[in-house]
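structure24.cif follows; it contains mmCIF, C-alpha atoms.
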data_coords
loop_
_atom_site.group_PDB
_atom_site.id
_atom_site.type_symbol
_atom_site.label_atom_id
_atom_site.label_comp_id
_atom_site.auth_asym_id
_atom_site.auth_seq_id
_atom_site.Cartn_x
_atom_site.Cartn_y
_atom_site.Cartn_z
ATOM 1 C CA MET A 24 22.579 0.603 -25.896
ATOM 2 C CA LEU A 25 21.954 -3.126 -26.203
ATOM 3 C CA LYS A 26 24.059 -5.482 -24.140
ATOM 4 C CA TRP A 27 24.701 -8.699 -26.067
ATOM 5 C CA PRO A 28 25.636 -11.932 -24.256
ATOM 6 C CA PHE A 29 28.364 -12.960 -26.700
ATOM 7 C CA SER A 30 30.176 -15.540 -24.595
ATOM 8 C CA MET A 31 29.250 -18.388 -22.277
ATOM 9 C CA VAL A 32 30.988 -16.569 -19.423
ATOM 10 C CA GLU A 33 28.805 -13.507 -19.934
ATOM 11 C CA VAL A 34 25.677 -15.653 -20.134
ATOM 12 C CA MET A 35 26.429 -17.679 -17.013
ATOM 13 C CA SER A 36 27.231 -14.530 -15.040
ATOM 14 C CA CYS A 37 23.554 -13.589 -15.263
ATOM 15 C CA TYR A 38 22.585 -16.571 -13.131
ATOM 16 C CA LYS A 39 25.041 -16.552 -10.260
ATOM 17 C CA SER A 40 22.307 -15.061 -8.101
ATOM 18 C CA LYS A 41 19.159 -15.369 -10.217
ATOM 19 C CA SER A 42 16.756 -18.253 -10.720
ATOM 20 C CA ALA A 43 15.333 -19.220 -14.082
ATOM 21 C CA ASP A 44 12.082 -17.370 -13.443
ATOM 22 C CA PHE A 45 10.462 -17.596 -16.876
ATOM 23 C CA SER A 46 7.584 -19.569 -18.375
ATOM 24 C CA VAL A 47 7.446 -21.377 -21.711
ATOM 25 C CA LEU A 48 4.160 -21.111 -23.619
ATOM 26 C CA MET A 49 3.108 -23.676 -26.227
ATOM 27 C CA ALA A 50 -0.112 -24.658 -28.010
ATOM 28 C CA VAL A 51 -0.963 -28.001 -29.555
ATOM 29 C CA HIS A 52 -3.651 -28.889 -32.103
ATOM 30 C CA TYR A 53 -5.290 -32.113 -33.281
ATOM 31 C CA SER A 54 -3.294 -32.159 -36.522
ATOM 32 C CA ASP A 55 0.094 -31.816 -34.793
ATOM 33 C CA SER A 56 2.613 -34.664 -34.759
ATOM 34 C CA SER A 57 3.008 -36.343 -31.370
ATOM 35 C CA SER A 58 6.643 -37.268 -32.135
ATOM 36 C CA PHE A 59 7.481 -33.674 -33.103
ATOM 37 C CA LEU A 60 5.755 -32.469 -29.919
ATOM 38 C CA ASP A 61 7.827 -34.885 -27.843
ATOM 39 C CA ASP A 62 11.027 -33.627 -29.486
ATOM 40 C CA ALA A 63 9.996 -29.988 -28.953
ATOM 41 C CA ILE A 64 9.389 -30.490 -25.231
ATOM 42 C CA SER A 65 12.633 -32.419 -24.863
ATOM 43 C CA SER A 66 14.505 -29.525 -26.483
ATOM 44 C CA ILE A 67 13.185 -27.019 -23.915
ATOM 45 C CA TRP A 68 13.744 -29.248 -20.885
ATOM 46 C CA ASP A 69 16.190 -32.154 -21.300
ATOM 47 C CA ARG A 70 18.524 -30.342 -23.696
ATOM 48 C CA GLN A 71 18.492 -26.793 -22.312
ATOM 49 C CA THR A 72 21.356 -25.441 -20.227
ATOM 50 C CA LEU A 73 18.825 -23.173 -18.483
ATOM 51 C CA ARG A 74 15.460 -24.680 -17.628
ATOM 52 C CA PRO A 75 12.223 -22.719 -17.237
ATOM 53 C CA GLU A 76 10.317 -22.435 -13.993
ATOM 54 C CA GLN A 77 7.125 -23.388 -15.787
ATOM 55 C CA ILE A 78 5.949 -24.957 -19.065
ATOM 56 C CA VAL A 79 2.380 -24.205 -20.145
ATOM 57 C CA VAL A 80 0.878 -26.276 -22.987
ATOM 58 C CA VAL A 81 -2.556 -25.296 -24.290
ATOM 59 C CA LYS A 82 -4.650 -27.975 -25.986
ATOM 60 C CA ASP A 83 -6.518 -26.016 -28.663
ATOM 61 C CA GLY A 84 -9.597 -28.235 -28.679
ATOM 62 C CA GLU A 85 -9.613 -32.037 -28.764
ATOM 63 C CA VAL A 86 -6.283 -33.688 -29.571
ATOM 64 C CA THR A 87 -5.262 -37.227 -30.475
ATOM 65 C CA LEU A 88 -4.635 -40.012 -27.998
ATOM 66 C CA GLN A 89 -0.962 -39.980 -29.005
ATOM 67 C CA ILE A 90 -0.644 -36.275 -28.144
ATOM 68 C CA ASN A 91 -2.408 -36.808 -24.825
ATOM 69 C CA ASN A 92 -0.014 -39.661 -24.026
ATOM 70 C CA VAL A 93 3.005 -37.447 -24.738
ATOM 71 C CA LEU A 94 1.646 -34.656 -22.521
ATOM 72 C CA GLU A 95 0.819 -37.028 -19.670
ATOM 73 C CA ARG A 96 4.247 -38.641 -19.805
ATOM 74 C CA TRP A 97 5.973 -35.259 -19.590
ATOM 75 C CA ARG A 98 3.664 -34.096 -16.816
ATOM 76 C CA LYS A 99 4.636 -37.154 -14.759
ATOM 77 C CA LYS A 100 8.330 -36.705 -15.559
ATOM 78 C CA ILE A 101 8.607 -32.975 -14.864
ATOM 79 C CA GLY A 102 5.880 -32.607 -12.262
ATOM 80 C CA HIS A 103 2.448 -30.972 -12.206
ATOM 81 C CA SER A 104 3.764 -27.802 -10.569
ATOM 82 C CA ILE A 105 6.081 -27.148 -13.540
ATOM 83 C CA PHE A 106 4.339 -28.794 -16.493
ATOM 84 C CA PHE A 107 0.840 -27.354 -16.758
ATOM 85 C CA VAL A 108 -1.738 -28.321 -19.406
ATOM 86 C CA VAL A 109 -4.631 -25.993 -20.292
ATOM 87 C CA GLU A 110 -7.559 -27.736 -22.000
ATOM 88 C CA LEU A 111 -9.833 -25.708 -24.274
ATOM 89 C CA PRO A 112 -13.157 -27.367 -25.210
ATOM 90 C CA THR A 113 -13.068 -26.252 -28.854
ATOM 91 C CA ASN A 114 -10.491 -25.109 -31.384
ATOM 92 C CA GLY A 115 -10.443 -21.320 -31.352
ATOM 93 C CA GLY A 116 -7.188 -20.712 -33.180
ATOM 94 C CA LEU A 117 -3.654 -19.960 -32.031
ATOM 95 C CA ALA A 118 -4.349 -16.427 -30.811
ATOM 96 C CA SER A 119 -7.096 -17.457 -28.385
ATOM 97 C CA ALA A 120 -5.090 -20.509 -27.271
ATOM 98 C CA LEU A 121 -2.017 -18.422 -26.462
ATOM 99 C CA ASN A 122 -4.098 -15.781 -24.684
ATOM 100 C CA ALA A 123 -5.617 -18.528 -22.523
ATOM 101 C CA GLY A 124 -2.147 -19.850 -21.785
ATOM 102 C CA LEU A 125 -0.833 -16.389 -20.902
ATOM 103 C CA GLU A 126 -3.346 -16.192 -18.071
ATOM 104 C CA VAL A 127 -1.750 -19.299 -16.540
ATOM 105 C CA CYS A 128 1.884 -18.240 -16.996
ATOM 106 C CA ARG A 129 3.103 -17.201 -13.558
ATOM 107 C CA CYS A 130 6.373 -15.554 -14.654
ATOM 108 C CA ASP A 131 6.659 -12.092 -16.156
ATOM 109 C CA ILE A 132 9.060 -13.292 -18.858
ATOM 110 C CA VAL A 133 7.457 -15.750 -21.278
ATOM 111 C CA ALA A 134 9.236 -17.734 -23.995
ATOM 112 C CA ARG A 135 7.234 -19.012 -26.955
ATOM 113 C CA MET A 136 7.720 -22.481 -28.407
ATOM 114 C CA ASP A 137 5.947 -24.247 -31.262
ATOM 115 C CA SER A 138 4.997 -27.897 -30.997
ATOM 116 C CA ASP A 139 7.034 -28.979 -34.028
ATOM 117 C CA ASP A 140 10.265 -26.980 -33.681
ATOM 118 C CA VAL A 141 13.476 -27.573 -31.732
ATOM 119 C CA SER A 142 15.208 -25.052 -29.470
ATOM 120 C CA LEU A 143 18.987 -25.203 -29.412
ATOM 121 C CA PRO A 144 20.617 -25.839 -25.994
ATOM 122 C CA LEU A 145 21.741 -22.249 -25.306
ATOM 123 C CA ARG A 146 18.521 -20.595 -26.415
ATOM 124 C CA PHE A 147 17.107 -19.739 -22.988
ATOM 125 C CA GLU A 148 20.449 -18.838 -21.409
ATOM 126 C CA LYS A 149 21.133 -16.271 -24.114
ATOM 127 C CA GLN A 150 17.622 -14.891 -24.393
ATOM 128 C CA ILE A 151 16.788 -14.664 -20.689
ATOM 129 C CA CYS A 152 20.168 -13.123 -19.942
ATOM 130 C CA PHE A 153 19.550 -10.539 -22.667
ATOM 131 C CA MET A 154 16.125 -9.671 -21.257
ATOM 132 C CA ARG A 155 17.604 -9.269 -17.764
ATOM 133 C CA ASN A 156 20.343 -6.976 -19.088
ATOM 134 C CA ASN A 157 18.010 -4.896 -21.295
ATOM 135 C CA GLU A 158 14.947 -4.027 -19.261
ATOM 136 C CA ASN A 159 13.798 -1.475 -21.871
ATOM 137 C CA ILE A 160 13.235 -4.256 -24.418
ATOM 138 C CA VAL A 161 9.708 -5.736 -24.402
ATOM 139 C CA ALA A 162 10.118 -8.602 -26.885
ATOM 140 C CA ILE A 163 12.927 -10.390 -28.702
ATOM 141 C CA SER A 164 13.546 -13.382 -30.918
ATOM 142 C CA SER A 165 16.597 -14.753 -32.725
ATOM 143 C CA GLN A 166 17.788 -15.982 -36.082
ATOM 144 C CA VAL A 167 16.093 -19.246 -37.061
ATOM 145 C CA GLU A 168 17.360 -22.179 -39.101
ATOM 146 C CA GLU A 169 14.746 -23.553 -41.511
ATOM 147 C CA CYS A 170 15.058 -27.316 -42.053
ATOM 148 C CA ASN A 171 13.223 -30.228 -43.616
ATOM 149 C CA LEU A 172 10.859 -32.283 -41.480
ATOM 150 C CA ASN A 173 13.528 -34.585 -40.015
ATOM 151 C CA LEU A 174 15.882 -31.613 -39.415
ATOM 152 C CA GLY A 175 18.571 -33.366 -41.465
ATOM 153 C CA GLU A 176 18.680 -30.771 -44.232
ATOM 154 C CA VAL A 177 18.988 -27.015 -43.741
ATOM 155 C CA HIS A 178 17.053 -24.942 -46.288
ATOM 156 C CA GLY A 179 18.440 -21.639 -45.034
ATOM 157 C CA VAL A 180 18.476 -19.145 -42.169
ATOM 158 C CA ARG A 181 15.696 -16.631 -41.575
ATOM 159 C CA LYS A 182 17.717 -13.494 -40.936
ATOM 160 C CA LEU A 183 16.231 -10.614 -38.977
ATOM 161 C CA PRO A 184 17.627 -7.200 -37.996
ATOM 162 C CA CYS A 185 18.857 -6.914 -34.416
ATOM 163 C CA ASN A 186 18.415 -3.313 -33.273
ATOM 164 C CA HIS A 187 15.145 -1.504 -32.743
ATOM 165 C CA GLU A 188 15.542 1.137 -35.444
ATOM 166 C CA GLU A 189 16.199 -1.453 -38.158
ATOM 167 C CA ILE A 190 13.372 -3.608 -36.808
ATOM 168 C CA MET A 191 10.949 -0.672 -37.072
ATOM 169 C CA LEU A 192 11.711 -0.262 -40.784
ATOM 170 C CA PHE A 193 11.691 -4.013 -41.435
ATOM 171 C CA ALA A 194 8.303 -4.400 -39.742
ATOM 172 C CA LYS A 195 6.652 -2.092 -42.252
ATOM 173 C CA LYS A 196 6.901 -4.929 -44.797
ATOM 174 C CA ARG A 197 7.513 -8.189 -42.945
ATOM 175 C CA SER A 198 7.216 -9.707 -39.482
ATOM 176 C CA PRO A 199 10.238 -8.462 -37.496
ATOM 177 C CA LEU A 200 10.428 -11.307 -34.944
ATOM 178 C CA SER A 201 10.332 -15.083 -35.373
ATOM 179 C CA HIS A 202 7.345 -16.180 -33.325
ATOM 180 C CA PRO A 203 8.590 -19.707 -32.403
ATOM 181 C CA ALA A 204 11.779 -18.154 -30.988
ATOM 182 C CA ALA A 205 10.133 -15.167 -29.282
ATOM 183 C CA VAL A 206 10.547 -14.116 -25.658
ATOM 184 C CA PHE A 207 8.504 -11.246 -24.213
ATOM 185 C CA ARG A 208 7.450 -9.495 -21.031
ATOM 186 C CA LYS A 209 3.961 -10.725 -20.175
ATOM 187 C CA GLN A 210 2.872 -7.495 -18.503
ATOM 188 C CA PHE A 211 3.132 -5.452 -21.698
ATOM 189 C CA ILE A 212 1.409 -8.097 -23.815
ATOM 190 C CA ILE A 213 -1.512 -8.271 -21.386
ATOM 191 C CA GLU A 214 -1.748 -4.465 -21.162
ATOM 192 C CA SER A 215 -1.846 -4.318 -24.972
ATOM 193 C CA GLY A 216 -4.817 -6.703 -25.056
ATOM 194 C CA GLY A 217 -2.949 -9.928 -25.752
ATOM 195 C CA TYR A 218 -2.647 -11.536 -29.153
ATOM 196 C CA PRO A 219 -5.011 -9.854 -31.655
ATOM 197 C CA ASP A 220 -7.919 -12.083 -32.716
ATOM 198 C CA ILE A 221 -6.513 -12.955 -36.142
ATOM 199 C CA ARG A 222 -6.476 -16.545 -37.397
ATOM 200 C CA LYS A 223 -2.969 -16.410 -38.907
ATOM 201 C CA GLY A 224 -0.291 -13.761 -38.555
ATOM 202 C CA GLN A 225 -1.397 -12.902 -35.018
ATOM 203 C CA ASP A 226 2.263 -12.600 -34.021
ATOM 204 C CA TYR A 227 2.985 -10.030 -36.759
ATOM 205 C CA ALA A 228 -0.102 -8.120 -35.646
ATOM 206 C CA LEU A 229 1.137 -8.214 -32.034
ATOM 207 C CA TRP A 230 4.636 -6.979 -32.894
ATOM 208 C CA SER A 231 3.069 -4.169 -34.955
ATOM 209 C CA LEU A 232 0.860 -3.229 -32.014
ATOM 210 C CA LEU A 233 3.823 -3.116 -29.627
ATOM 211 C CA LEU A 234 5.841 -0.974 -32.040
ATOM 212 C CA SER A 235 2.900 1.403 -32.559
ATOM 213 C CA LYS A 236 2.783 1.895 -28.774
ATOM 214 C CA GLY A 237 6.452 2.848 -28.710
ATOM 215 C CA TYR A 238 7.775 -0.368 -27.150
ATOM 216 C CA ARG A 239 11.235 -1.514 -28.180
ATOM 217 C CA LEU A 240 12.011 -4.879 -29.795
ATOM 218 C CA ALA A 241 15.264 -6.686 -30.593
ATOM 219 C CA ASN A 242 16.679 -9.860 -32.126
ATOM 220 C CA LEU A 243 19.717 -11.812 -31.026
ATOM 221 C CA PRO A 244 22.264 -12.462 -33.798
ATOM 222 C CA SER A 245 22.596 -16.177 -32.977
ATOM 223 C CA VAL A 246 20.630 -19.057 -34.486
ATOM 224 C CA LEU A 247 18.746 -20.429 -31.460
ATOM 225 C CA LEU A 248 15.963 -22.519 -33.002
ATOM 226 C CA LYS A 249 15.450 -25.070 -35.760
ATOM 227 C CA MET A 250 12.122 -24.769 -37.596
ATOM 228 C CA ARG A 251 10.579 -27.638 -39.527
ATOM 229 C CA CYS A 252 9.508 -26.402 -42.973
ATOM 230 C CA GLY A 253 8.178 -29.033 -45.354
ATOM 231 C CA GLN A 254 8.400 -28.795 -49.128
ATOM 232 C CA GLU A 255 4.677 -27.951 -49.246
ATOM 233 C CA LEU A 256 5.229 -24.619 -47.433
ATOM 234 C CA HIS A 257 5.036 -22.463 -50.569
ATOM 235 C CA ALA A 258 2.151 -24.439 -52.087
ATOM 236 C CA ARG A 259 0.059 -23.783 -48.949
ATOM 237 C CA ARG A 260 0.566 -20.046 -49.153
ATOM 238 C CA GLY A 261 -1.818 -19.193 -51.972
ATOM 239 C CA LEU A 262 -5.061 -17.224 -52.157
ATOM 240 C CA ASP A 263 -6.381 -18.673 -48.884
ATOM 241 C CA TYR A 264 -3.276 -17.409 -47.095
ATOM 242 C CA LEU A 265 -3.743 -13.999 -48.745
ATOM 243 C CA LYS A 266 -7.009 -13.513 -46.841
ATOM 244 C CA HIS A 267 -5.192 -13.887 -43.526
ATOM 245 C CA GLU A 268 -2.474 -11.472 -44.676
ATOM 246 C CA PHE A 269 -5.186 -8.976 -45.647
ATOM 247 C CA ASP A 270 -6.619 -9.247 -42.114
ATOM 248 C CA VAL A 271 -3.189 -8.388 -40.695
ATOM 249 C CA LEU A 272 -2.816 -5.420 -43.071
ATOM 250 C CA LEU A 273 -6.242 -4.098 -42.046
ATOM 251 C CA PHE A 274 -5.271 -4.418 -38.386
ATOM 252 C CA GLN A 275 -1.970 -2.583 -39.001
ATOM 253 C CA LYS A 276 -3.801 0.232 -40.810
ATOM 254 C CA LYS A 277 -6.444 0.446 -38.071
ATOM 255 C CA ILE A 278 -3.876 0.930 -35.284
ATOM 256 C CA GLY A 279 -1.957 3.498 -37.352
ATOM 257 C CA PHE A 280 1.106 1.351 -37.873
ATOM 258 C CA LEU A 281 0.795 1.597 -41.670
ATOM 259 C CA SER A 282 -0.034 4.647 -43.758
ATOM 260 C CA TRP A 283 -2.433 4.319 -46.696
ATOM 261 C CA PHE A 284 0.550 4.208 -49.065
ATOM 262 C CA GLU A 285 2.248 1.454 -47.043
ATOM 263 C CA PHE A 286 -1.019 -0.479 -46.791
ATOM 264 C CA LEU A 287 -1.664 -0.391 -50.556
ATOM 265 C CA ARG A 288 1.974 -1.123 -51.408
ATOM 266 C CA ASN A 289 2.049 -4.192 -49.157
ATOM 267 C CA LEU A 290 -1.322 -5.395 -50.425
ATOM 268 C CA ILE A 291 -0.212 -5.191 -54.070
ATOM 269 C CA LEU A 292 3.026 -7.038 -53.319
ATOM 270 C CA LYS A 293 1.201 -9.793 -51.418
ATOM 271 C CA VAL A 294 -1.428 -10.241 -54.145
ATOM 272 C CA PHE A 295 1.360 -10.587 -56.715
ATOM 273 C CA LEU A 296 3.232 -13.118 -54.604
ATOM 274 C CA ARG A 297 0.244 -15.274 -53.609
ATOM 275 C CA THR A 298 -1.027 -15.496 -57.200
ATOM 276 C CA SER A 299 2.408 -16.335 -58.628
ATOM 277 C CA PRO A 300 3.547 -19.855 -59.617
ATOM 278 C CA ILE A 301 5.284 -21.878 -56.903
ATOM 279 C CA PHE A 302 8.726 -21.449 -58.510
ATOM 280 C CA VAL A 303 8.342 -17.663 -58.240
ATOM 281 C CA LYS A 304 7.338 -17.946 -54.567
ATOM 282 C CA LYS A 305 10.349 -20.145 -53.855
ATOM 283 C CA PHE A 306 12.706 -17.714 -55.598
ATOM 284 C CA VAL A 307 11.316 -14.671 -53.773
ATOM 285 C CA TYR A 308 11.361 -16.429 -50.410
ATOM 286 C CA LYS A 309 14.930 -17.679 -50.889
ATOM 287 C CA LYS A 310 16.103 -14.264 -52.069
ATOM 288 C CA PHE A 311 14.466 -12.313 -49.236
ATOM 289 C CA ARG A 312 14.428 -14.933 -46.475
#
Could you render the structure as structure tokens?
Amino acid sequence: MLKWPFSMVEVMSCYKSKSADFSVLMAVHYSDSSSFLDDAISSIWDRQTLRPEQIVVVKDGEVTLQINNVLERWRKKIGHSIFFVVELPTNGGLASALNAGLEVCRCDIVARMDSDDVSLPLRFEKQICFMRNNENIVAISSQVEECNLNLGEVHGVRKLPCNHEEIMLFAKKRSPLSHPAAVFRKQFIIESGGYPDIRKGQDYALWSLLLSKGYRLANLPSVLLKMRCGQELHARRGLDYLKHEFDVLLFQKKIGFLSWFEFLRNLILKVFLRTSPIFVKKFVYKKFR
């Protein structure tokens, strides 16, 4: 039975005798916004009620001078022993960047963070407390608020099922955890081979792999993260995006997570969606967010 930290009293009780022994894992790319990155780091350090023991930021290839300046300023502010930057010589994609960062994370519990999102102040208190109280759970995330780029307008909430059984059914069609709000136990990710080598959708592939191995997942019912989603989101997800989704489907079929029927059903649905006009994509996404 899951033990939910519903109140602040319950959350704080987890830390009367425990330190905040968890790492935060991020990756940054040349095209990322330095101001969004600065805001993201501030949200997981300055504005959190529970701070991590370590923050690991992976530079996925060369980045801009502005991004380097932001990282250096935070490294001086927080300290080199806490704020650690991993530099990769070339851009290898998010999966390889996160796998490189995982090797540097010194805590068993790792919280993911994207370079353009904002974690709400109680995110880590609630999630780390939940992981401490539910040792049979390997990975969790939370509900996520989708906003415009300046976070001033809320487009909607990405709602996900909370218990494992519902997550198992949900995952047969859609990603069951929100990657930017994910927290997981490093040991099980490493033992499973890390993030699968897929250019996009590597998180969905990873959750599918964990579920196929019998590991249990969960989602907290609270909104704990604000995600920046520009108006161009649906326009970007056309035929090019379909190729990446096909790679994920092939991976899910290969590991036995999907049957042939489920594979073909999902492929047909994704082809229909990615070849549809933008107004259809927006309607479907809003309806089934």
Considering all atoms listed in the file, return as a PyMOL selection string whatever protein or nucleic-acid residues lie within 9 Å of A:Asp83, sequence-local ones (same chain, fewer than 5 positions apart) excluded. chain A and resi 50-53+109-117+119-120
List the residues sitting within 7 Å of (12.8, -3.2, -23.9) in the file's frame, using all atoms listed in the file, as a PyMOL selection string. chain A and resi 157-162+238-240
Hits of the PyMOL selection byres ((chain A and resi 71) around 8) in this structure, as a VMD selection string: chain A and resid 66 to 70 72 to 74 143 to 147
Go ahead and fit an axis-aligned box to every listed atom of stretch 165-184 of chain A plus 3 Å each side, and pass me the centre and edge lengths in Å, one decimal, as lines of an AutoDock Vina configuration file.
center_x = 14.9
center_y = -20.9
center_z = -39.5
size_x = 14.1
size_y = 33.4
size_z = 19.6
Could you tell me how far atom CA of A:Phe269 lies from atom CA of A:Phe295, in Å and to one decimal? 13.0 Å
Restricting the calculation to only C-alpha atoms: of A:Asp61, A:Asp55, A:Glu76, A:Asp270, which residue gets closest to A:Asp131? A:Glu76
